[in-house]
Amino acid sequence: MNSCFSLLLLILLSTDFTRLAASQPQTAACAANEKGRPAFVVGQTYFGTSEYIEYLAGDLPVVISVPHGGHLEPPEIPDRELGTNGRYDVLSQELARDIIDAFHRKSGRTPHVIINRLHRNKLDANRESADAAGDNPHALQAWEEFHQFIGDASKEVTATYGRGLYIDLHGHRHNQQFIELGYLLVTGQLSLSDQQLDSTVQPSETSVGLLLHDRTASLSTCIRGNESFGALLEKHGYASVPSNYRPSPTGKQYFSGGYNLERHSSFSGGRMCGIQVETPMSVRESTEQRKKFAEVFEEAVMEFLKENGFLQP
Ligand SMILES: [Zn+2]
């Protein structure tokens, strides 16, 4: 399905998304570029049907999806049978917008960002389609468009840079205020020593097999070494697991990564190194904390890209 088919292209007037959402559609379709990919314009925001899904086209080799931060509860979509009892990743959408602002301000660059604006009661955009949307056609359409935008963004990144970083951004409610980094490794695997982990887990079983293949580094080094993403966040004062300081979540609640990470990381092929980032409430609950974390997150992502050579086309 060509994602341009049903998209409304809105001109990005600024990073003020309230203003943006209220602006008039400029055109109803976008053309394919010379390589046959949809021709998204860097810095512009695109919406799917009924503006349930939002895509900010970027210029960095970074794709960030936000599946659980939506607020919209349109009557045309009934509550999911599986339901969430009103639970969603509170303030994770707002955090994503602060992260976009931090990139613009600090580096003048733009990550690709895909936001599910529907409430999790209506669409769980981190599940396979039946669990995510039931049989409601509007929810199914939004689910398709969410994943299509991620796919289109990833194609753009890999066509330009050869590979990239995919981050599925969430907000957890666990008591411990750690940032939980998911690599499709469960607590039992992370509890192993570095040597045991490296000898028993195949890189292809994780979301970062690409890093190991390209750098011939060990899995333990990639996920909890001194240059791991967790270590970069720890360096800036944010407790993270796994990391050089916290190799395993043993004894604590921990999310290892879900449907989106499996689908959009190199676990399923392709050239995107994937991390599920579960942020604690302590980094989301106030504007000040979100902005502070967003600055650090931008720095950590840029350092990670440089360390791994992702910025060279
Ligand atoms: Zn979530």
# chains A, B, ... in the order shown; residues from 1 in each chain; ligands from 1

call {"tool": "residues_near_ligand", "arguments": {"ligand": "ligand 1", "cutoff": "7 Å", "atoms": "only C-alpha atoms and all ligand atoms", "output": "JSON list (two decimals) with C-alpha atoms, in the first residue's frame"}}
result
[["chain", "number", "residue", "atom", "x", "y", "z"],
["A", 67, "PRO", "CA", 2.51, 3.86, 20.14],
["A", 68, "HIS", "CA", 0.84, 4.47, 23.51],
["A", 88, "TYR", "CA", -1.84, 4.42, 28.49],
["A", 89, "ASP", "CA", 1.71, 5.75, 28.49],
["A", 170, "HIS", "CA", 7.12, 4.30, 25.88],
["A", 171, "GLY", "CA", 6.38, 5.36, 29.45],
["A", 172, "HIS", "CA", 6.19, 2.73, 32.20]]

call {"tool": "select_by_dssp", "arguments": {"residues": "range 56-301 of chain A", "states": "strand (DSSP E or B)", "output": "MDAnalysis selection string"}}
result
chainID A and resid 56 62:66 72 112:116 118 164:171 179:182 240:241 272:279

call {"tool": "write_last_selection", "arguments": {"atoms": "N, CA and C atoms", "output": "JSON list (two decimals), in the first residue's frame"}}
result
[["chain", "number", "residue", "atom", "x", "y", "z"],
["A", 56, "LEU", "N", 6.29, 12.94, 11.33],
["A", 56, "LEU", "CA", 7.22, 14.04, 11.06],
["A", 56, "LEU", "C", 8.40, 13.45, 10.28],
["A", 62, "VAL", "N", 17.42, 8.15, 12.26],
["A", 62, "VAL", "CA", 16.74, 7.80, 13.51],
["A", 62, "VAL", "C", 15.23, 7.81, 13.26],
["A", 63, "VAL", "N", 14.58, 6.72, 13.65],
["A", 63, "VAL", "CA", 13.12, 6.63, 13.55],
["A", 63, "VAL", "C", 12.59, 6.35, 14.96],
["A", 64, "ILE", "N", 11.70, 7.24, 15.42],
["A", 64, "ILE", "CA", 11.13, 7.09, 16.77],
["A", 64, "ILE", "C", 9.62, 6.88, 16.62],
["A", 65, "SER", "N", 9.10, 5.80, 17.18],
["A", 65, "SER", "CA", 7.64, 5.61, 17.18],
["A", 65, "SER", "C", 7.12, 5.74, 18.60],
["A", 66, "VAL", "N", 5.89, 6.25, 18.69],
["A", 66, "VAL", "CA", 5.26, 6.49, 20.00],
["A", 66, "VAL", "C", 3.87, 5.85, 19.96],
["A", 72, "LEU", "N", -6.86, 10.69, 21.63],
["A", 72, "LEU", "CA", -8.12, 10.75, 20.88],
["A", 72, "LEU", "C", -8.98, 9.52, 21.15],
["A", 112, "HIS", "N", 13.00, 11.12, 12.39],
["A", 112, "HIS", "CA", 11.67, 10.73, 11.91],
["A", 112, "HIS", "C", 10.85, 10.32, 13.13],
["A", 113, "VAL", "N", 9.64, 10.86, 13.28],
["A", 113, "VAL", "CA", 8.83, 10.53, 14.46],
["A", 113, "VAL", "C", 7.41, 10.16, 14.01],
["A", 114, "ILE", "N", 6.95, 9.02, 14.48],
["A", 114, "ILE", "CA", 5.59, 8.54, 14.14],
["A", 114, "ILE", "C", 4.80, 8.41, 15.44],
["A", 115, "ILE", "N", 3.70, 9.14, 15.53],
["A", 115, "ILE", "CA", 2.90, 9.18, 16.76],
["A", 115, "ILE", "C", 1.51, 8.62, 16.50],
["A", 116, "ASN", "N", 1.11, 7.65, 17.32],
["A", 116, "ASN", "CA", -0.28, 7.20, 17.32],
["A", 116, "ASN", "C", -1.06, 8.16, 18.22],
["A", 118, "LEU", "N", -4.31, 8.09, 18.67],
["A", 118, "LEU", "CA", -5.47, 7.43, 19.28],
["A", 118, "LEU", "C", -5.13, 6.92, 20.68],
["A", 164, "GLY", "N", 20.31, 2.43, 10.35],
["A", 164, "GLY", "CA", 19.84, 3.47, 11.26],
["A", 164, "GLY", "C", 19.41, 2.91, 12.59],
["A", 165, "LEU", "N", 18.90, 3.81, 13.42],
["A", 165, "LEU", "CA", 18.47, 3.46, 14.77],
["A", 165, "LEU", "C", 16.96, 3.60, 14.87],
["A", 166, "TYR", "N", 16.29, 2.55, 15.31],
["A", 166, "TYR", "CA", 14.84, 2.58, 15.52],
["A", 166, "TYR", "C", 14.58, 2.55, 17.03],
["A", 167, "ILE", "N", 13.80, 3.50, 17.50],
["A", 167, "ILE", "CA", 13.46, 3.56, 18.92],
["A", 167, "ILE", "C", 11.95, 3.53, 19.08],
["A", 168, "ASP", "N", 11.44, 2.57, 19.84],
["A", 168, "ASP", "CA", 10.02, 2.54, 20.18],
["A", 168, "ASP", "C", 9.91, 3.14, 21.59],
["A", 169, "LEU", "N", 9.31, 4.33, 21.65],
["A", 169, "LEU", "CA", 9.34, 5.12, 22.90],
["A", 169, "LEU", "C", 8.06, 4.92, 23.72],
["A", 170, "HIS", "N", 8.25, 4.58, 24.96],
["A", 170, "HIS", "CA", 7.12, 4.30, 25.88],
["A", 170, "HIS", "C", 7.32, 5.03, 27.21],
["A", 171, "GLY", "N", 6.28, 4.88, 28.08],
["A", 171, "GLY", "CA", 6.38, 5.36, 29.45],
["A", 171, "GLY", "C", 5.84, 4.30, 30.39],
["A", 179, "ILE", "N", 15.29, 3.79, 33.43],
["A", 179, "ILE", "CA", 14.93, 3.71, 32.02],
["A", 179, "ILE", "C", 15.19, 2.26, 31.60],
["A", 180, "GLU", "N", 14.14, 1.61, 31.11],
["A", 180, "GLU", "CA", 14.27, 0.21, 30.72],
["A", 180, "GLU", "C", 14.50, 0.13, 29.22],
["A", 181, "LEU", "N", 15.63, -0.43, 28.83],
["A", 181, "LEU", "CA", 16.00, -0.53, 27.43],
["A", 181, "LEU", "C", 15.77, -1.96, 26.96],
["A", 182, "GLY", "N", 14.87, -2.12, 26.01],
["A", 182, "GLY", "CA", 14.53, -3.45, 25.52],
["A", 182, "GLY", "C", 15.28, -3.81, 24.25],
["A", 240, "SER", "N", 19.73, 3.47, 34.02],
["A", 240, "SER", "CA", 19.21, 2.71, 32.89],
["A", 240, "SER", "C", 19.60, 1.24, 33.01],
["A", 241, "VAL", "N", 18.74, 0.38, 32.52],
["A", 241, "VAL", "CA", 19.02, -1.05, 32.54],
["A", 241, "VAL", "C", 18.59, -1.67, 31.21],
["A", 272, "MET", "N", 17.82, -1.70, 10.49],
["A", 272, "MET", "CA", 17.57, -0.79, 11.61],
["A", 272, "MET", "C", 17.91, -1.49, 12.92],
["A", 273, "CYS", "N", 18.85, -0.90, 13.65],
["A", 273, "CYS", "CA", 19.18, -1.37, 14.99],
["A", 273, "CYS", "C", 18.06, -0.85, 15.92],
["A", 274, "GLY", "N", 17.46, -1.73, 16.72],
["A", 274, "GLY", "CA", 16.28, -1.34, 17.47],
["A", 274, "GLY", "C", 16.45, -1.35, 18.98],
["A", 275, "ILE", "N", 15.83, -0.38, 19.64],
["A", 275, "ILE", "CA", 15.81, -0.33, 21.12],
["A", 275, "ILE", "C", 14.41, 0.11, 21.55],
["A", 276, "GLN", "N", 13.79, -0.64, 22.47],
["A", 276, "GLN", "CA", 12.56, -0.15, 23.10],
["A", 276, "GLN", "C", 12.97, 0.67, 24.32],
["A", 277, "VAL", "N", 12.56, 1.92, 24.35],
["A", 277, "VAL", "CA", 12.94, 2.80, 25.45],
["A", 277, "VAL", "C", 11.71, 3.05, 26.32],
["A", 278, "GLU", "N", 11.71, 2.50, 27.51],
["A", 278, "GLU", "CA", 10.62, 2.66, 28.48],
["A", 278, "GLU", "C", 11.06, 3.68, 29.53],
["A", 279, "THR", "N", 10.44, 4.84, 29.48],
["A", 279, "THR", "CA", 10.86, 5.90, 30.42],
["A", 279, "THR", "C", 10.03, 5.84, 31.71]]

call {"tool": "residues_around", "arguments": {"residues": "Leu211 in chain A", "least_positions_apart": "5", "cutoff": "10 Å", "atoms": "only C-alpha atoms", "output": "list in words"}}
result
Arg163, Pro203, Thr216, Ala217, Ser218, Leu219, Cys222, Ser266, Arg271, Met272, Cys273, Gly274 and Asn308 of chain A

call {"tool": "residues_around", "arguments": {"residues": "Gly162 in chain A", "least_positions_apart": "5", "cutoff": "12 Å", "atoms": "only C-alpha atoms", "output": "list in words"}}
result
Leu60, Pro61, Val62, Ser154, Lys155, Glu156, Val157, Leu210, Asp214, Gly270, Arg271, Met272, Cys273, Gly309, Phe310, Leu311, Gln312 and Pro313 of chain A

call {"tool": "write_last_selection", "arguments": {"atoms": "N, CA and C atoms", "output": "PDB file, in the first residue's frame"}}
result
ATOM      1  N   LEU A  60      17.666  12.632   9.946  1.00  0.00           N
ATOM      2  CA  LEU A  60      18.644  11.834  10.679  1.00  0.00           C
ATOM      3  C   LEU A  60      18.367  10.339  10.463  1.00  0.00           C
ATOM      4  N   PRO A  61      19.384   9.488  10.670  1.00  0.00           N
ATOM      5  CA  PRO A  61      19.132   8.047  10.567  1.00  0.00           C
ATOM      6  C   PRO A  61      18.494   7.498  11.852  1.00  0.00           C
ATOM      7  N   VAL A  62      17.423   8.152  12.261  1.00  0.00           N
ATOM      8  CA  VAL A  62      16.736   7.800  13.512  1.00  0.00           C
ATOM      9  C   VAL A  62      15.230   7.808  13.259  1.00  0.00           C
ATOM     10  N   SER A 154      11.950   4.153   7.689  1.00  0.00           N
ATOM     11  CA  SER A 154      13.110   3.249   7.767  1.00  0.00           C
ATOM     12  C   SER A 154      13.730   3.050   6.390  1.00  0.00           C
ATOM     13  N   LYS A 155      12.890   2.950   5.379  1.00  0.00           N
ATOM     14  CA  LYS A 155      13.408   2.805   4.002  1.00  0.00           C
ATOM     15  C   LYS A 155      14.207   4.044   3.605  1.00  0.00           C
ATOM     16  N   GLU A 156      13.691   5.208   3.957  1.00  0.00           N
ATOM     17  CA  GLU A 156      14.384   6.450   3.637  1.00  0.00           C
ATOM     18  C   GLU A 156      15.749   6.488   4.335  1.00  0.00           C
ATOM     19  N   VAL A 157      15.750   6.103   5.607  1.00  0.00           N
ATOM     20  CA  VAL A 157      16.999   6.100   6.387  1.00  0.00           C
ATOM     21  C   VAL A 157      18.011   5.135   5.778  1.00  0.00           C
ATOM     22  N   LEU A 210      22.382  -6.273  14.062  1.00  0.00           N
ATOM     23  CA  LEU A 210      23.042  -5.449  13.045  1.00  0.00           C
ATOM     24  C   LEU A 210      24.339  -4.843  13.567  1.00  0.00           C
ATOM     25  N   ASP A 214      28.086  -5.553  12.064  1.00  0.00           N
ATOM     26  CA  ASP A 214      28.871  -4.480  11.460  1.00  0.00           C
ATOM     27  C   ASP A 214      30.162  -4.168  12.222  1.00  0.00           C
ATOM     28  N   GLY A 270      16.184  -6.284   7.468  1.00  0.00           N
ATOM     29  CA  GLY A 270      16.362  -4.843   7.330  1.00  0.00           C
ATOM     30  C   GLY A 270      17.618  -4.370   8.031  1.00  0.00           C
ATOM     31  N   ARG A 271      17.800  -3.061   8.058  1.00  0.00           N
ATOM     32  CA  ARG A 271      19.059  -2.467   8.522  1.00  0.00           C
ATOM     33  C   ARG A 271      18.833  -1.443   9.623  1.00  0.00           C
ATOM     34  N   MET A 272      17.825  -1.697  10.493  1.00  0.00           N
ATOM     35  CA  MET A 272      17.567  -0.786  11.606  1.00  0.00           C
ATOM     36  C   MET A 272      17.909  -1.489  12.918  1.00  0.00           C
ATOM     37  N   CYS A 273      18.846  -0.898  13.648  1.00  0.00           N
ATOM     38  CA  CYS A 273      19.175  -1.367  14.990  1.00  0.00           C
ATOM     39  C   CYS A 273      18.056  -0.849  15.917  1.00  0.00           C
ATOM     40  N   GLY A 309      29.102   4.881  13.797  1.00  0.00           N
ATOM     41  CA  GLY A 309      29.317   5.239  12.398  1.00  0.00           C
ATOM     42  C   GLY A 309      28.034   5.366  11.588  1.00  0.00           C
ATOM     43  N   PHE A 310      26.921   5.646  12.266  1.00  0.00           N
ATOM     44  CA  PHE A 310      25.639   5.692  11.564  1.00  0.00           C
ATOM     45  C   PHE A 310      25.425   6.989  10.777  1.00  0.00           C
ATOM     46  N   LEU A 311      26.249   8.001  11.056  1.00  0.00           N
ATOM     47  CA  LEU A 311      25.995   9.300  10.419  1.00  0.00           C
ATOM     48  C   LEU A 311      26.641   9.423   9.044  1.00  0.00           C
ATOM     49  N   GLN A 312      27.511   8.439   8.724  1.00  0.00           N
ATOM     50  CA  GLN A 312      28.130   8.489   7.393  1.00  0.00           C
ATOM     51  C   GLN A 312      27.216   7.825   6.375  1.00  0.00           C
ATOM     52  N   PRO A 313      26.867   8.533   5.313  1.00  0.00           N
ATOM     53  CA  PRO A 313      26.019   7.916   4.279  1.00  0.00           C
ATOM     54  C   PRO A 313      26.718   6.732   3.644  1.00  0.00           C
TER      55      PRO A 313
END

call {"tool": "atom_distance", "arguments": {"atom1": "CA of Met302 in chain A", "atom2": "CA of Gly151 in chain A"}}
result
21.7 Å

call {"tool": "closest_residue", "arguments": {"among": "A:Ala153, A:Ile53, A:Leu190, A:Ala159", "to": "Ala125 in chain A", "atoms": "only C-alpha atoms"}}
result
A:Ile53

call {"tool": "decode", "arguments": {"residues": "range 193-257 of chain A", "atoms": "C-alpha atoms", "output": "PDB file, in the first residue's frame"}}
result
ATOM      1  CA  SER A 193      27.453 -13.188  32.898  1.00  0.00           C
ATOM      2  CA  ASP A 194      28.871 -11.411  29.840  1.00  0.00           C
ATOM      3  CA  GLN A 195      30.646 -14.589  28.814  1.00  0.00           C
ATOM      4  CA  GLN A 196      27.512 -16.730  29.209  1.00  0.00           C
ATOM      5  CA  LEU A 197      25.356 -14.193  27.405  1.00  0.00           C
ATOM      6  CA  ASP A 198      27.752 -13.918  24.482  1.00  0.00           C
ATOM      7  CA  SER A 199      28.083 -17.687  24.142  1.00  0.00           C
ATOM      8  CA  THR A 200      24.397 -18.608  24.437  1.00  0.00           C
ATOM      9  CA  VAL A 201      22.451 -15.859  22.661  1.00  0.00           C
ATOM     10  CA  GLN A 202      22.595 -15.485  18.905  1.00  0.00           C
ATOM     11  CA  PRO A 203      22.739 -11.837  17.757  1.00  0.00           C
ATOM     12  CA  SER A 204      19.826 -12.556  15.412  1.00  0.00           C
ATOM     13  CA  GLU A 205      17.627 -13.251  18.461  1.00  0.00           C
ATOM     14  CA  THR A 206      18.003  -9.608  19.505  1.00  0.00           C
ATOM     15  CA  SER A 207      17.085  -6.221  18.037  1.00  0.00           C
ATOM     16  CA  VAL A 208      20.753  -5.180  17.723  1.00  0.00           C
ATOM     17  CA  GLY A 209      22.178  -8.040  15.672  1.00  0.00           C
ATOM     18  CA  LEU A 210      23.042  -5.449  13.045  1.00  0.00           C
ATOM     19  CA  LEU A 211      25.518  -3.738  15.394  1.00  0.00           C
ATOM     20  CA  LEU A 212      27.315  -6.971  16.096  1.00  0.00           C
ATOM     21  CA  HIS A 213      27.473  -7.869  12.444  1.00  0.00           C
ATOM     22  CA  ASP A 214      28.871  -4.480  11.460  1.00  0.00           C
ATOM     23  CA  ARG A 215      31.321  -4.001  14.329  1.00  0.00           C
ATOM     24  CA  THR A 216      32.175  -7.583  15.241  1.00  0.00           C
ATOM     25  CA  ALA A 217      31.600  -6.521  18.836  1.00  0.00           C
ATOM     26  CA  SER A 218      30.158  -8.810  21.484  1.00  0.00           C
ATOM     27  CA  LEU A 219      26.482  -8.688  22.445  1.00  0.00           C
ATOM     28  CA  SER A 220      27.306  -7.813  26.055  1.00  0.00           C
ATOM     29  CA  THR A 221      29.461  -4.889  24.901  1.00  0.00           C
ATOM     30  CA  CYS A 222      26.674  -3.610  22.651  1.00  0.00           C
ATOM     31  CA  ILE A 223      23.965  -3.614  25.300  1.00  0.00           C
ATOM     32  CA  ARG A 224      25.875  -2.929  28.548  1.00  0.00           C
ATOM     33  CA  GLY A 225      29.411  -1.909  27.635  1.00  0.00           C
ATOM     34  CA  ASN A 226      30.864   1.550  28.161  1.00  0.00           C
ATOM     35  CA  GLU A 227      29.564   2.719  24.778  1.00  0.00           C
ATOM     36  CA  SER A 228      26.114   1.149  25.028  1.00  0.00           C
ATOM     37  CA  PHE A 229      23.010   3.329  24.870  1.00  0.00           C
ATOM     38  CA  GLY A 230      22.390   2.593  28.553  1.00  0.00           C
ATOM     39  CA  ALA A 231      25.903   3.778  29.423  1.00  0.00           C
ATOM     40  CA  LEU A 232      25.376   7.020  27.482  1.00  0.00           C
ATOM     41  CA  LEU A 233      22.217   7.726  29.495  1.00  0.00           C
ATOM     42  CA  GLU A 234      23.962   6.768  32.762  1.00  0.00           C
ATOM     43  CA  LYS A 235      26.773   9.189  31.906  1.00  0.00           C
ATOM     44  CA  HIS A 236      24.195  11.968  31.939  1.00  0.00           C
ATOM     45  CA  GLY A 237      22.728  10.850  35.252  1.00  0.00           C
ATOM     46  CA  TYR A 238      19.788   8.705  34.141  1.00  0.00           C
ATOM     47  CA  ALA A 239      19.690   5.227  35.695  1.00  0.00           C
ATOM     48  CA  SER A 240      19.212   2.707  32.886  1.00  0.00           C
ATOM     49  CA  VAL A 241      19.016  -1.047  32.541  1.00  0.00           C
ATOM     50  CA  PRO A 242      20.828  -2.788  30.951  1.00  0.00           C
ATOM     51  CA  SER A 243      23.870  -0.515  31.203  1.00  0.00           C
ATOM     52  CA  ASN A 244      27.457  -0.576  32.403  1.00  0.00           C
ATOM     53  CA  TYR A 245      26.220   0.152  35.935  1.00  0.00           C
ATOM     54  CA  ARG A 246      23.058  -1.975  35.848  1.00  0.00           C
ATOM     55  CA  PRO A 247      23.702  -5.095  33.734  1.00  0.00           C
ATOM     56  CA  SER A 248      20.410  -6.801  34.557  1.00  0.00           C
ATOM     57  CA  PRO A 249      16.959  -5.919  35.936  1.00  0.00           C
ATOM     58  CA  THR A 250      17.022  -8.994  38.170  1.00  0.00           C
ATOM     59  CA  GLY A 251      14.353  -8.713  40.835  1.00  0.00           C
ATOM     60  CA  LYS A 252      12.760  -5.678  39.230  1.00  0.00           C
ATOM     61  CA  GLN A 253       9.921  -5.239  36.739  1.00  0.00           C
ATOM     62  CA  TYR A 254      11.258  -4.905  33.209  1.00  0.00           C
ATOM     63  CA  PHE A 255       9.927  -4.660  29.641  1.00  0.00           C
ATOM     64  CA  SER A 256      12.150  -6.501  27.171  1.00  0.00           C
ATOM     65  CA  GLY A 257      10.577  -5.213  23.944  1.00  0.00           C
TER      66      GLY A 257
END
